[in-house]
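First the structure, in the form of structure tokens, and then the observations on it.
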Amino acid sequence: MMIGQLAASTGLSVRTLRFYADAGVLPAQGRTASGYRLFGPEAVARARLVRTLRELGVGLDDIRRVLDAEASLTEVAAEHVRALDAQIRVLRLQRAVLRAFIGSTDPEELRRMTDLTNLTAEQRRRIVDDYLDAVFGDSTSTSAVADKLAMGAPELPDDPTPEQVAAWVEIAELLRDPDFVATSRRMAERARAEGPEPDVAQFEVGKAVDELAGPAARAGVDPASPEALAVVERLEALGPTPSEDRTCVADRIEAFTDRRVGRYWTLVGIVNGWAPSQAPDDIIDTWEWYARALRAHA
């Protein structure tokens, strides 16, 4: 059949069929005396297959591999699915970045968000690993704190929300902040010096601090007041006997109380989709108040 007949049989335009023929995916069997292409009866099915694959986004090179029996249709389809999955992940990230940026007027913020979200999962994980290496060094494998950080590492999903994108960007910048790294290193060194296994009794004291010091902190009780001293004495009664030096306890609390650490775990929870827990800022307010009360009555 001539190209016009093939067009009528397939619903494709003559121009498209010529393009397929010139690309080598729809070869003609010969030509008329006037030079017009002639196609065999199998050309109808072949042209329809080419059209279907092209509509699915498969490139001409892969179509040629299928038609020349260099690859099966299943293999090419699987390859194309993987490529589409990668493109979809990129598009979803781009959509989330743009949604997260809406309302901002800082072009630099958009650049930072784009750069950090375009990283691969391995590159994002590398940011966390570099932070752990800088904080814990060779002791990473034996540190319970390092294990907790590694197990709770942020994992940006394939289809993140704008809030997850914004949280991941803040995490990445936090983990690259030299001051935050230095603070984390001091915490890790103190944790190693005081031993990897905390006293079980300290867990009970911790709960009591939330229950007793928390209301006082939220009510604005002066840490130097008699009311604050009463809270300190009640908490000391739950701790080790004899009671530890109040200044030393305050030093320990301040060493492990950092708002950025609390913020980090809040952000990780957002990225990883964890259920929200008590606000870390509220917890930190409580412990900071308790430390000031200890010093005021040392």
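Labeling convention for the structure tokens: chains A, B, ... as they appear, residues from 1 per chain, ligands from 1 in order of appearance.
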List the spatial neighbours of Ala47 (chain A) as a PyMOL selection string - criterion: any atom at most 8 Å away, only C-alpha atoms, same-chain residues fewer than 5 positions off excluded. chain A and resi 10+17+26
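Every protein, DNA or RNA residue with an atom at most 10 Å from region 33-37 of chain A, where only C-alpha atoms count and chain neighbours fewer than 4 positions away do not, is listed here: Met1, Met2, Ile3, Gly4, Arg18, Ala21, Pro27, Ala28 and Gln29 of chain A.
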Write the residues of the preceding selection, restricted to all heavy atoms, as a PDB file, in the first residue's frame.
```pdb
ATOM      1  N   MET A   1       0.853  -1.189   0.000  1.00  0.00           N
ATOM      2  CA  MET A   1       0.000   0.000   0.000  1.00  0.00           C
ATOM      3  C   MET A   1       0.887   1.237   0.000  1.00  0.00           C
ATOM      4  O   MET A   1       2.034   1.220   0.465  1.00  0.00           O
ATOM      5  CB  MET A   1      -0.918  -0.011   1.228  1.00  0.00           C
ATOM      6  CG  MET A   1      -0.214   0.169   2.553  1.00  0.00           C
ATOM      7  SD  MET A   1      -1.330   0.050   3.982  1.00  0.00           S
ATOM      8  CE  MET A   1      -1.579  -1.731   4.009  1.00  0.00           C
ATOM      9  N   MET A   2       0.314   2.332  -0.514  1.00  0.00           N
ATOM     10  CA  MET A   2       1.043   3.588  -0.523  1.00  0.00           C
ATOM     11  C   MET A   2       0.817   4.310   0.801  1.00  0.00           C
ATOM     12  O   MET A   2      -0.051   3.940   1.599  1.00  0.00           O
ATOM     13  CB  MET A   2       0.603   4.431  -1.722  1.00  0.00           C
ATOM     14  CG  MET A   2       0.951   3.786  -3.077  1.00  0.00           C
ATOM     15  SD  MET A   2       0.483   4.767  -4.497  1.00  0.00           S
ATOM     16  CE  MET A   2       1.549   6.186  -4.297  1.00  0.00           C
ATOM     17  N   ILE A   3       1.554   5.366   1.019  1.00  0.00           N
ATOM     18  CA  ILE A   3       1.542   6.019   2.324  1.00  0.00           C
ATOM     19  C   ILE A   3       0.177   6.614   2.651  1.00  0.00           C
ATOM     20  O   ILE A   3      -0.247   6.640   3.806  1.00  0.00           O
ATOM     21  CB  ILE A   3       2.665   7.078   2.404  1.00  0.00           C
ATOM     22  CG1 ILE A   3       2.940   7.445   3.873  1.00  0.00           C
ATOM     23  CG2 ILE A   3       2.318   8.314   1.571  1.00  0.00           C
ATOM     24  CD1 ILE A   3       4.216   8.225   4.069  1.00  0.00           C
ATOM     25  N   GLY A   4      -0.556   7.086   1.654  1.00  0.00           N
ATOM     26  CA  GLY A   4      -1.889   7.619   1.897  1.00  0.00           C
ATOM     27  C   GLY A   4      -2.834   6.542   2.393  1.00  0.00           C
ATOM     28  O   GLY A   4      -3.659   6.783   3.286  1.00  0.00           O
ATOM     29  N   ARG A  18       5.821   9.609   7.371  1.00  0.00           N
ATOM     30  CA  ARG A  18       7.100   9.893   6.708  1.00  0.00           C
ATOM     31  C   ARG A  18       8.210  10.040   7.756  1.00  0.00           C
ATOM     32  O   ARG A  18       9.333   9.559   7.560  1.00  0.00           O
ATOM     33  CB  ARG A  18       6.988  11.179   5.879  1.00  0.00           C
ATOM     34  CG  ARG A  18       6.211  11.045   4.579  1.00  0.00           C
ATOM     35  CD  ARG A  18       6.541  12.199   3.636  1.00  0.00           C
ATOM     36  NE  ARG A  18       5.708  12.171   2.446  1.00  0.00           N
ATOM     37  CZ  ARG A  18       4.693  12.990   2.203  1.00  0.00           C
ATOM     38  NH1 ARG A  18       4.386  13.922   3.093  1.00  0.00           N
ATOM     39  NH2 ARG A  18       3.998  12.890   1.093  1.00  0.00           N
ATOM     40  N   ALA A  21       9.171   6.670   8.966  1.00  0.00           N
ATOM     41  CA  ALA A  21       9.931   5.965   7.934  1.00  0.00           C
ATOM     42  C   ALA A  21      11.357   6.488   7.861  1.00  0.00           C
ATOM     43  O   ALA A  21      12.320   5.714   7.788  1.00  0.00           O
ATOM     44  CB  ALA A  21       9.226   6.115   6.584  1.00  0.00           C
ATOM     45  N   PRO A  27      10.082   1.005   8.112  1.00  0.00           N
ATOM     46  CA  PRO A  27      10.741   0.925   6.797  1.00  0.00           C
ATOM     47  C   PRO A  27       9.756   0.551   5.690  1.00  0.00           C
ATOM     48  O   PRO A  27       8.842  -0.250   5.877  1.00  0.00           O
ATOM     49  CB  PRO A  27      11.777  -0.174   7.002  1.00  0.00           C
ATOM     50  CG  PRO A  27      11.233  -1.004   8.113  1.00  0.00           C
ATOM     51  CD  PRO A  27      10.499  -0.070   9.013  1.00  0.00           C
ATOM     52  N   ALA A  28       9.967   1.155   4.519  1.00  0.00           N
ATOM     53  CA  ALA A  28       9.166   0.812   3.326  1.00  0.00           C
ATOM     54  C   ALA A  28       9.747  -0.439   2.678  1.00  0.00           C
ATOM     55  O   ALA A  28      10.945  -0.719   2.779  1.00  0.00           O
ATOM     56  CB  ALA A  28       9.177   1.973   2.351  1.00  0.00           C
ATOM     57  N   GLN A  29       8.884  -1.191   1.999  1.00  0.00           N
ATOM     58  CA  GLN A  29       9.348  -2.411   1.313  1.00  0.00           C
ATOM     59  C   GLN A  29       9.880  -2.110  -0.081  1.00  0.00           C
ATOM     60  O   GLN A  29      10.531  -2.948  -0.692  1.00  0.00           O
ATOM     61  CB  GLN A  29       8.200  -3.427   1.214  1.00  0.00           C
ATOM     62  CG  GLN A  29       7.873  -4.100   2.539  1.00  0.00           C
ATOM     63  CD  GLN A  29       6.966  -5.299   2.369  1.00  0.00           C
ATOM     64  OE1 GLN A  29       6.345  -5.485   1.318  1.00  0.00           O
ATOM     65  NE2 GLN A  29       6.886  -6.125   3.410  1.00  0.00           N
TER      66      GLN A  29
END
```
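Proximity to Ala96 (chain A) at 7 Å, evaluated using only C-alpha atoms and with sequence-adjacent residues fewer than 3 positions away removed, yields A:Arg92, A:Leu93, A:Arg99, A:Ala100, A:Pro160, A:Thr161, A:Pro162, A:Val165.
Here the question is which of A:Leu175, A:Val76, A:Ile88, A:Leu12 gets nearest to Asp130 (chain A) using only C-alpha atoms, and that residue is A:Leu175.
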If you measure from CA of Gly40 (chain A) to CA of Thr74 (chain A), what distance in Å do you get, rounded to one decimal? 25.6 Å
Using only C-alpha atoms for the distances, tell me which of A:Ala298, A:Arg112, A:Gln5, A:Ile127 is nearest to Ala224 (chain A). A:Ala298
So which residues touch region 250-256 of chain A within 6 Å, counting only C-alpha atoms, skipping near sequence neighbours fewer than 2 positions away, as a PyMOL selection string? chain A and resi 247-248+291
Go ahead and save the residues from that selection, with N, CA and C atoms, as a short mmCIF file (atom, residue, chain, number, x, y, z; two decimals), in the first residue's frame.
```cif
data_model
loop_
_atom_site.label_atom_id
_atom_site.label_comp_id
_atom_site.auth_asym_id
_atom_site.auth_seq_id
_atom_site.Cartn_x
_atom_site.Cartn_y
_atom_site.Cartn_z
N THR A 247 24.65 23.28 91.82
CA THR A 247 25.36 23.91 90.70
C THR A 247 25.78 22.87 89.67
N CYS A 248 26.25 21.71 90.14
CA CYS A 248 26.65 20.64 89.21
C CYS A 248 25.46 20.13 88.41
N ALA A 291 17.00 24.74 85.93
CA ALA A 291 18.44 25.02 86.08
C ALA A 291 18.65 26.37 86.76
#
```
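Of the residues listed (A:His297, A:Ala182, A:Gln164, A:Met187), A:Gln164 shows the shortest atom-to-atom separation from Gly269 (chain A); distances use only C-alpha atoms.
Here the question is which of A:Leu132, A:Val221, A:Ala167, A:Leu116 gets nearest to Arg185 (chain A) using only C-alpha atoms, and that residue is A:Leu132.
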Polymer residues at most 12 Å from Pro215 (chain A), only C-alpha atoms, same-chain spacing of 5 or more positions, as a ChimeraX atom specification: /A:208-210,220-221,227-228,231,282-283,285-287,289-290
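Interatomic distance, CA of Ser243 (chain A) to CA of Leu212 (chain A): 17.6 Å.
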